[in-house]
Amino acid sequence: MKYFQLLGLAAAFCMALILSNTFLCHAYEDTQCFQCHTSAKKLIEATREIAKTRPALKSSETSGEG
Amino acid sequence: MEPLAPHEKIFVDSDIVDDENHGEIACHECHGGNPDDPDWKTAHKGVVKDPTYPDATTACGDCHDEINENYQKSLHVSLRPYKLIIDKRASSNTVIRNKLGCAMNNHCSECHSSCGQCHISRPNSVEGGFLDGHLFQKKPPMQEVCTACHGSRIQKEYLGEHEGLSPSIHKQKYMKCDKCHTGEEMHGNGKEYAHRYDVENGPKCVDCHKEIYKREAKNVITHRIHKDKASCHVCHSQPYNNCSACHVGKDKQGLAFFKTKSSWFDFKIGLNPLKSEKRPEKFVTLRHVPVDKRTFDFYVKDALSNFDTLPTWKLATPHNIRLKTTQNASCNACHGNEALFLLEKDVEDSEKEANKNVLVPVNLIPKKQKWQPK
């Protein structure tokens, strides 16, 4: 009987460990960062909006091989 | 290289959660920002684009502690040789040096790399962008990372993109950069090198071609005769790209720019300016580098008043190696062939003094041979 109790306890412990890891690993999937940066549609909209206001970052006067 | 579309640069592959090493780290742990803010504009307040530069300790150091220990001394991060070389050519005047420092910050310092700019994204100098949806790349992809920066010379030479020239034989054997340039070399070993050719674990041809001096080896006589006299590249490189002057400045909007004059193909053997135990050869291939006395004139005149302390024709290891080349077709394809050597007449008057130690006096050109090894 004691043997089965121990076995059950060990199994429960393992299950808890696996489940907690799964939830921990993927906890950030629900964050705004992840939701937006894995959606091409959202990124296209955001980057278009940025492009409207952001000035050029590179000079057009650069010429020749670097 | 063509930059990625803005949204492609920051698109994250959701498979990142399956990365057993990095998948547990939440975005904000490295990049900052507010992960709970639904408004992306305010959520990005305080976000760090590349959390691995200039210090990778927080982002990478906890796990990759050995690599991180040497990070600041890796030449890809420190750019130390660049700085030392400009420093040697620079005026000793403090005011001029300060202005030169400002110019270098605007134009030269962006050419560094970082952990992130090799293993996660393209380098900033080519406008960045994730390599594969922010999935970590153990081996940085050659054409998106290495040749993104080392493009106009190394890439075109190695891939045979110059008209009339063949790719390196190593390319045709499907070798990527990391076959010769190992991770250890890239990450540094903690020593502060003054030149990339000083790096102890840098590539050496004989690391792979161990047999060339052995009795039974093909061409053993030729290799033994030329050992320590001519570098491997002298016999096995094809012509390569040489660059002329580079000038830097800022446009009307205050954006930094550079302008290089025309480049040209040439193959020039000169005297070894970096003779050492590791590189004892008398003759090496030399390449003209894009520097000029007036490179920094936009910022300050006479910034490089000690220009002549270093040659403008520098030791080069062109990446277009072939077994058979024009100059190794026979002994006399090279011996007595003045056109292959960097002579005084090949150098502009304004650069003669700078190059005096690498020019080959006519009497040092190996004489034509009557005897040829079989």
# chains A, B, ... in the order shown; residues from 1 in each chain; ligands from 1
>>> interface_residues(of="chain A", to="chain B", cutoff="9 Å", atoms="only C-alpha atoms", output="ChimeraX atom specification")
/A:24-29,31-34,36-48,51,56-66
>>> residues_around(residues="B:Glu344", least_positions_apart="3", cutoff="10 Å", atoms="only C-alpha atoms", output="PyMOL selection string")
chain B and resi 341+347-349+351-352+355-356+358-362
>>> write_last_selection(atoms="N, CA and C atoms", output="compact mmCIF listing (two decimals), in the first residue's frame")
# COMPACT_ATOMS: atom_id res chain seq x y z
N PHE B 341 54.27 43.45 -59.48
CA PHE B 341 54.84 44.00 -58.25
C PHE B 341 54.49 45.48 -58.08
N VAL B 347 52.42 54.11 -57.63
CA VAL B 347 51.84 54.82 -56.49
C VAL B 347 51.79 56.32 -56.76
N GLU B 348 50.68 56.93 -56.37
CA GLU B 348 50.52 58.38 -56.56
C GLU B 348 51.60 59.13 -55.78
N ASP B 349 52.01 60.27 -56.32
CA ASP B 349 53.08 61.06 -55.67
C ASP B 349 52.74 61.35 -54.22
N GLU B 351 51.27 59.69 -52.13
CA GLU B 351 51.28 58.51 -51.24
C GLU B 351 52.61 57.77 -51.26
N LYS B 352 53.58 58.32 -51.95
CA LYS B 352 54.87 57.62 -52.07
C LYS B 352 55.55 57.45 -50.72
N ASN B 355 54.01 54.79 -48.50
CA ASN B 355 54.17 53.41 -48.96
C ASN B 355 55.62 52.99 -49.18
N LYS B 356 56.54 53.83 -48.73
CA LYS B 356 57.95 53.55 -49.05
C LYS B 356 58.41 52.16 -48.55
N VAL B 358 56.64 49.39 -48.41
CA VAL B 358 56.00 48.23 -49.05
C VAL B 358 56.29 48.17 -50.55
N LEU B 359 56.85 49.26 -51.09
CA LEU B 359 57.19 49.26 -52.52
C LEU B 359 58.33 48.28 -52.78
N VAL B 360 58.28 47.62 -53.93
CA VAL B 360 59.33 46.65 -54.25
C VAL B 360 60.37 47.33 -55.14
N PRO B 361 61.60 47.46 -54.65
CA PRO B 361 62.64 47.99 -55.53
C PRO B 361 62.86 47.02 -56.70
N VAL B 362 63.10 47.55 -57.88
CA VAL B 362 63.19 46.69 -59.08
C VAL B 362 64.22 45.57 -58.89
>>> select_by_dssp(residues="stretch 279-345 of chain B", states="strand (DSSP E)", output="ChimeraX atom specification")
/B:283-288,313-315
>>> select_by_dssp(residues="stretch 42-234 of chain B", states="alpha helix (DSSP H)", output="ChimeraX atom specification")
/B:42-43,65-70,75-78,80-89,94-107,116-119,147-149,156-159,169-172,177-180,183-187,205-208,220-226,232-234
>>> residues_around(residues="stretch 136-147 of chain B", least_positions_apart="3", cutoff="6 Å", atoms="only C-alpha atoms", output="PDB file with N, CA and C atoms, in the first residue's frame")
ATOM      1  N   CYS B 118      24.662  39.329 -34.970  1.00  0.00           N
ATOM      2  CA  CYS B 118      25.158  38.178 -35.733  1.00  0.00           C
ATOM      3  C   CYS B 118      24.206  36.986 -35.594  1.00  0.00           C
ATOM      4  N   HIS B 119      23.685  36.798 -34.386  1.00  0.00           N
ATOM      5  CA  HIS B 119      22.925  35.574 -34.110  1.00  0.00           C
ATOM      6  C   HIS B 119      21.404  35.764 -34.154  1.00  0.00           C
ATOM      7  N   ILE B 120      20.947  37.011 -34.184  1.00  0.00           N
ATOM      8  CA  ILE B 120      19.496  37.244 -34.182  1.00  0.00           C
ATOM      9  C   ILE B 120      19.062  38.102 -35.373  1.00  0.00           C
ATOM     10  N   ARG B 122      20.255  40.940 -38.749  1.00  0.00           N
ATOM     11  CA  ARG B 122      21.301  41.456 -39.621  1.00  0.00           C
ATOM     12  C   ARG B 122      21.992  42.614 -38.886  1.00  0.00           C
ATOM     13  N   HIS B 150      31.015  42.621 -44.863  1.00  0.00           N
ATOM     14  CA  HIS B 150      32.220  42.368 -45.667  1.00  0.00           C
ATOM     15  C   HIS B 150      31.782  42.089 -47.104  1.00  0.00           C
ATOM     16  N   GLY B 151      31.174  43.086 -47.724  1.00  0.00           N
ATOM     17  CA  GLY B 151      30.516  42.854 -49.002  1.00  0.00           C
ATOM     18  C   GLY B 151      31.328  43.206 -50.225  1.00  0.00           C
ATOM     19  N   GLN B 155      32.849  39.466 -50.155  1.00  0.00           N
ATOM     20  CA  GLN B 155      31.718  38.749 -50.764  1.00  0.00           C
ATOM     21  C   GLN B 155      31.906  38.562 -52.266  1.00  0.00           C
TER      22      GLN B 155
END
>>> residues_around(residues="stretch 158-172 of chain B", least_positions_apart="6", cutoff="9 Å", atoms="only C-alpha atoms", output="list in words")
Ser237, Gln238, Pro239, Tyr240, Asn241, Pro318, His319, Asn320, Ile321, Arg322 and Leu323 of chain B
>>> residues_around(residues="B:Lys275", least_positions_apart="4", cutoff="12 Å", atoms="only C-alpha atoms", output="list in words")
Tyr197, Asp198, Asp228, Lys229, Ala230, Ser231, Gly270, Leu271, Arg279, Pro280, Glu281, Lys282, Phe283, Val284, Leu315, Asn357 and Val358 of chain B
>>> write_last_selection(atoms="C-alpha atoms", output="compact mmCIF listing (two decimals), in the first residue's frame")
# COMPACT_ATOMS: atom_id res chain seq x y z
CA TYR B 197 46.11 39.58 -38.63
CA ASP B 198 47.51 39.28 -35.10
CA ASP B 228 58.53 32.17 -45.85
CA LYS B 229 59.34 34.07 -49.04
CA ALA B 230 55.88 34.52 -50.52
CA SER B 231 52.49 34.26 -48.87
CA GLY B 270 54.64 44.13 -52.25
CA LEU B 271 56.92 43.90 -49.25
CA ARG B 279 53.65 35.97 -41.15
CA PRO B 280 57.34 35.80 -42.00
CA GLU B 281 56.96 36.11 -45.77
CA LYS B 282 58.90 38.76 -47.59
CA PHE B 283 56.32 39.15 -50.37
CA VAL B 284 52.58 39.46 -49.81
CA LEU B 315 48.56 43.48 -46.43
CA ASN B 357 58.28 50.40 -46.93
CA VAL B 358 56.00 48.23 -49.05
>>> residues_around(residues="B:Gly188", least_positions_apart="2", cutoff="6 Å", atoms="only C-alpha atoms", output="VMD selection string")
chain B and resid 70 74 185 to 186 190
>>> decode(residues="stretch 157-301 of chain B", atoms="C-alpha atoms", output="PDB file, in the first residue's frame")
ATOM      1  CA  GLU B 157      35.710  37.932 -54.394  1.00  0.00           C
ATOM      2  CA  TYR B 158      34.556  34.807 -52.613  1.00  0.00           C
ATOM      3  CA  LEU B 159      31.381  34.299 -54.629  1.00  0.00           C
ATOM      4  CA  GLY B 160      33.017  35.214 -57.937  1.00  0.00           C
ATOM      5  CA  GLU B 161      30.703  38.163 -58.547  1.00  0.00           C
ATOM      6  CA  HIS B 162      33.351  40.178 -60.347  1.00  0.00           C
ATOM      7  CA  GLU B 163      33.140  39.881 -64.101  1.00  0.00           C
ATOM      8  CA  GLY B 164      35.770  37.618 -65.570  1.00  0.00           C
ATOM      9  CA  LEU B 165      36.918  36.246 -62.226  1.00  0.00           C
ATOM     10  CA  SER B 166      36.148  32.873 -60.703  1.00  0.00           C
ATOM     11  CA  PRO B 167      34.805  32.294 -57.205  1.00  0.00           C
ATOM     12  CA  SER B 168      37.152  31.002 -54.565  1.00  0.00           C
ATOM     13  CA  ILE B 169      37.790  27.291 -54.858  1.00  0.00           C
ATOM     14  CA  HIS B 170      36.642  27.109 -51.235  1.00  0.00           C
ATOM     15  CA  LYS B 171      33.249  28.460 -52.232  1.00  0.00           C
ATOM     16  CA  GLN B 172      32.986  25.802 -54.891  1.00  0.00           C
ATOM     17  CA  LYS B 173      33.686  23.241 -52.173  1.00  0.00           C
ATOM     18  CA  TYR B 174      30.607  24.648 -50.382  1.00  0.00           C
ATOM     19  CA  MET B 175      32.584  26.162 -47.545  1.00  0.00           C
ATOM     20  CA  LYS B 176      30.973  28.972 -45.567  1.00  0.00           C
ATOM     21  CA  CYS B 177      32.896  31.660 -43.675  1.00  0.00           C
ATOM     22  CA  ASP B 178      32.799  29.740 -40.407  1.00  0.00           C
ATOM     23  CA  LYS B 179      34.804  26.868 -41.886  1.00  0.00           C
ATOM     24  CA  CYS B 180      37.928  29.045 -41.578  1.00  0.00           C
ATOM     25  CA  HIS B 181      36.735  31.835 -39.267  1.00  0.00           C
ATOM     26  CA  THR B 182      35.612  29.948 -36.202  1.00  0.00           C
ATOM     27  CA  GLY B 183      33.319  31.114 -33.445  1.00  0.00           C
ATOM     28  CA  GLU B 184      36.355  31.275 -31.153  1.00  0.00           C
ATOM     29  CA  GLU B 185      38.039  33.716 -33.513  1.00  0.00           C
ATOM     30  CA  MET B 186      34.902  35.833 -33.824  1.00  0.00           C
ATOM     31  CA  HIS B 187      34.239  35.919 -30.082  1.00  0.00           C
ATOM     32  CA  GLY B 188      37.832  36.765 -29.174  1.00  0.00           C
ATOM     33  CA  ASN B 189      40.026  35.196 -26.568  1.00  0.00           C
ATOM     34  CA  GLY B 190      40.334  38.113 -24.185  1.00  0.00           C
ATOM     35  CA  LYS B 191      43.431  39.622 -25.745  1.00  0.00           C
ATOM     36  CA  GLU B 192      43.395  43.135 -27.105  1.00  0.00           C
ATOM     37  CA  TYR B 193      44.746  42.808 -30.612  1.00  0.00           C
ATOM     38  CA  ALA B 194      46.074  45.724 -32.603  1.00  0.00           C
ATOM     39  CA  HIS B 195      45.337  44.106 -35.943  1.00  0.00           C
ATOM     40  CA  ARG B 196      43.085  41.372 -37.229  1.00  0.00           C
ATOM     41  CA  TYR B 197      46.112  39.579 -38.627  1.00  0.00           C
ATOM     42  CA  ASP B 198      47.510  39.285 -35.102  1.00  0.00           C
ATOM     43  CA  VAL B 199      44.582  37.231 -33.808  1.00  0.00           C
ATOM     44  CA  GLU B 200      46.043  33.961 -32.556  1.00  0.00           C
ATOM     45  CA  ASN B 201      43.163  31.714 -33.512  1.00  0.00           C
ATOM     46  CA  GLY B 202      42.681  33.338 -36.899  1.00  0.00           C
ATOM     47  CA  PRO B 203      42.735  31.066 -39.946  1.00  0.00           C
ATOM     48  CA  LYS B 204      45.935  29.743 -41.482  1.00  0.00           C
ATOM     49  CA  CYS B 205      45.974  27.958 -44.837  1.00  0.00           C
ATOM     50  CA  VAL B 206      48.254  25.253 -43.459  1.00  0.00           C
ATOM     51  CA  ASP B 207      45.682  24.343 -40.806  1.00  0.00           C
ATOM     52  CA  CYS B 208      43.937  22.396 -43.572  1.00  0.00           C
ATOM     53  CA  HIS B 209      46.691  22.139 -46.179  1.00  0.00           C
ATOM     54  CA  LYS B 210      49.045  20.363 -43.822  1.00  0.00           C
ATOM     55  CA  GLU B 211      50.675  18.201 -46.488  1.00  0.00           C
ATOM     56  CA  ILE B 212      52.093  20.812 -48.832  1.00  0.00           C
ATOM     57  CA  TYR B 213      55.664  20.651 -47.501  1.00  0.00           C
ATOM     58  CA  LYS B 214      55.789  16.861 -47.225  1.00  0.00           C
ATOM     59  CA  ARG B 215      58.058  14.960 -49.573  1.00  0.00           C
ATOM     60  CA  GLU B 216      55.275  13.039 -51.235  1.00  0.00           C
ATOM     61  CA  ALA B 217      53.118  16.125 -51.771  1.00  0.00           C
ATOM     62  CA  LYS B 218      52.340  17.486 -55.207  1.00  0.00           C
ATOM     63  CA  ASN B 219      54.340  20.653 -55.951  1.00  0.00           C
ATOM     64  CA  VAL B 220      56.438  20.099 -52.845  1.00  0.00           C
ATOM     65  CA  ILE B 221      59.524  21.695 -54.411  1.00  0.00           C
ATOM     66  CA  THR B 222      57.644  24.861 -55.351  1.00  0.00           C
ATOM     67  CA  HIS B 223      56.100  25.095 -51.899  1.00  0.00           C
ATOM     68  CA  ARG B 224      59.398  24.512 -50.117  1.00  0.00           C
ATOM     69  CA  ILE B 225      61.271  27.028 -52.278  1.00  0.00           C
ATOM     70  CA  HIS B 226      58.711  29.737 -51.591  1.00  0.00           C
ATOM     71  CA  LYS B 227      58.130  28.969 -47.905  1.00  0.00           C
ATOM     72  CA  ASP B 228      58.529  32.174 -45.852  1.00  0.00           C
ATOM     73  CA  LYS B 229      59.343  34.073 -49.038  1.00  0.00           C
ATOM     74  CA  ALA B 230      55.879  34.523 -50.518  1.00  0.00           C
ATOM     75  CA  SER B 231      52.493  34.256 -48.868  1.00  0.00           C
ATOM     76  CA  CYS B 232      50.007  31.677 -50.177  1.00  0.00           C
ATOM     77  CA  HIS B 233      47.980  34.507 -51.733  1.00  0.00           C
ATOM     78  CA  VAL B 234      50.895  35.653 -53.874  1.00  0.00           C
ATOM     79  CA  CYS B 235      50.590  32.479 -55.932  1.00  0.00           C
ATOM     80  CA  HIS B 236      46.935  31.563 -55.438  1.00  0.00           C
ATOM     81  CA  SER B 237      44.904  34.818 -55.494  1.00  0.00           C
ATOM     82  CA  GLN B 238      43.203  36.275 -58.519  1.00  0.00           C
ATOM     83  CA  PRO B 239      43.068  40.053 -59.078  1.00  0.00           C
ATOM     84  CA  TYR B 240      41.022  41.815 -56.406  1.00  0.00           C
ATOM     85  CA  ASN B 241      39.197  45.027 -55.719  1.00  0.00           C
ATOM     86  CA  ASN B 242      41.163  48.083 -54.586  1.00  0.00           C
ATOM     87  CA  CYS B 243      39.524  51.192 -53.209  1.00  0.00           C
ATOM     88  CA  SER B 244      40.552  54.798 -53.511  1.00  0.00           C
ATOM     89  CA  ALA B 245      39.773  57.738 -51.292  1.00  0.00           C
ATOM     90  CA  CYS B 246      36.847  57.884 -48.909  1.00  0.00           C
ATOM     91  CA  HIS B 247      35.395  61.200 -47.715  1.00  0.00           C
ATOM     92  CA  VAL B 248      32.865  61.606 -44.961  1.00  0.00           C
ATOM     93  CA  GLY B 249      30.470  64.396 -44.083  1.00  0.00           C
ATOM     94  CA  LYS B 250      26.937  65.342 -43.104  1.00  0.00           C
ATOM     95  CA  ASP B 251      24.168  66.381 -45.484  1.00  0.00           C
ATOM     96  CA  LYS B 252      21.734  69.302 -45.067  1.00  0.00           C
ATOM     97  CA  GLN B 253      19.506  67.203 -42.819  1.00  0.00           C
ATOM     98  CA  GLY B 254      22.453  66.357 -40.591  1.00  0.00           C
ATOM     99  CA  LEU B 255      22.675  62.752 -41.752  1.00  0.00           C
ATOM    100  CA  ALA B 256      26.101  61.183 -42.029  1.00  0.00           C
ATOM    101  CA  PHE B 257      27.307  60.101 -45.472  1.00  0.00           C
ATOM    102  CA  PHE B 258      30.427  58.775 -47.115  1.00  0.00           C
ATOM    103  CA  LYS B 259      31.673  59.003 -50.667  1.00  0.00           C
ATOM    104  CA  THR B 260      34.270  56.692 -52.082  1.00  0.00           C
ATOM    105  CA  LYS B 261      36.000  57.333 -55.367  1.00  0.00           C
ATOM    106  CA  SER B 262      36.234  54.646 -58.007  1.00  0.00           C
ATOM    107  CA  SER B 263      37.568  51.189 -57.193  1.00  0.00           C
ATOM    108  CA  TRP B 264      39.698  49.123 -59.532  1.00  0.00           C
ATOM    109  CA  PHE B 265      40.971  45.594 -60.013  1.00  0.00           C
ATOM    110  CA  ASP B 266      44.574  44.856 -59.587  1.00  0.00           C
ATOM    111  CA  PHE B 267      46.973  42.297 -58.276  1.00  0.00           C
ATOM    112  CA  LYS B 268      50.033  43.710 -56.595  1.00  0.00           C
ATOM    113  CA  ILE B 269      52.784  41.965 -54.733  1.00  0.00           C
ATOM    114  CA  GLY B 270      54.641  44.134 -52.249  1.00  0.00           C
ATOM    115  CA  LEU B 271      56.916  43.900 -49.247  1.00  0.00           C
ATOM    116  CA  ASN B 272      55.196  42.557 -46.157  1.00  0.00           C
ATOM    117  CA  PRO B 273      54.329  45.485 -43.859  1.00  0.00           C
ATOM    118  CA  LEU B 274      53.354  43.168 -40.985  1.00  0.00           C
ATOM    119  CA  LYS B 275      56.276  40.788 -40.902  1.00  0.00           C
ATOM    120  CA  SER B 276      56.089  38.589 -37.834  1.00  0.00           C
ATOM    121  CA  GLU B 277      56.742  35.061 -36.642  1.00  0.00           C
ATOM    122  CA  LYS B 278      53.253  34.192 -37.811  1.00  0.00           C
ATOM    123  CA  ARG B 279      53.651  35.973 -41.149  1.00  0.00           C
ATOM    124  CA  PRO B 280      57.340  35.800 -42.001  1.00  0.00           C
ATOM    125  CA  GLU B 281      56.958  36.108 -45.774  1.00  0.00           C
ATOM    126  CA  LYS B 282      58.900  38.757 -47.591  1.00  0.00           C
ATOM    127  CA  PHE B 283      56.319  39.146 -50.369  1.00  0.00           C
ATOM    128  CA  VAL B 284      52.577  39.465 -49.812  1.00  0.00           C
ATOM    129  CA  THR B 285      49.574  40.693 -51.745  1.00  0.00           C
ATOM    130  CA  LEU B 286      48.750  44.343 -51.086  1.00  0.00           C
ATOM    131  CA  ARG B 287      45.424  46.124 -51.444  1.00  0.00           C
ATOM    132  CA  HIS B 288      44.829  49.876 -51.611  1.00  0.00           C
ATOM    133  CA  VAL B 289      42.449  50.854 -48.814  1.00  0.00           C
ATOM    134  CA  PRO B 290      39.886  53.684 -48.919  1.00  0.00           C
ATOM    135  CA  VAL B 291      41.738  56.369 -47.015  1.00  0.00           C
ATOM    136  CA  ASP B 292      42.929  59.792 -48.010  1.00  0.00           C
ATOM    137  CA  LYS B 293      44.702  62.686 -46.328  1.00  0.00           C
ATOM    138  CA  ARG B 294      41.464  64.664 -46.623  1.00  0.00           C
ATOM    139  CA  THR B 295      39.028  61.945 -45.519  1.00  0.00           C
ATOM    140  CA  PHE B 296      37.835  64.002 -42.531  1.00  0.00           C
ATOM    141  CA  ASP B 297      38.109  67.500 -44.053  1.00  0.00           C
ATOM    142  CA  PHE B 298      34.376  68.128 -43.527  1.00  0.00           C
ATOM    143  CA  TYR B 299      34.987  68.067 -39.769  1.00  0.00           C
ATOM    144  CA  VAL B 300      38.493  69.441 -39.460  1.00  0.00           C
ATOM    145  CA  LYS B 301      41.356  70.220 -41.820  1.00  0.00           C
TER     146      LYS B 301
END
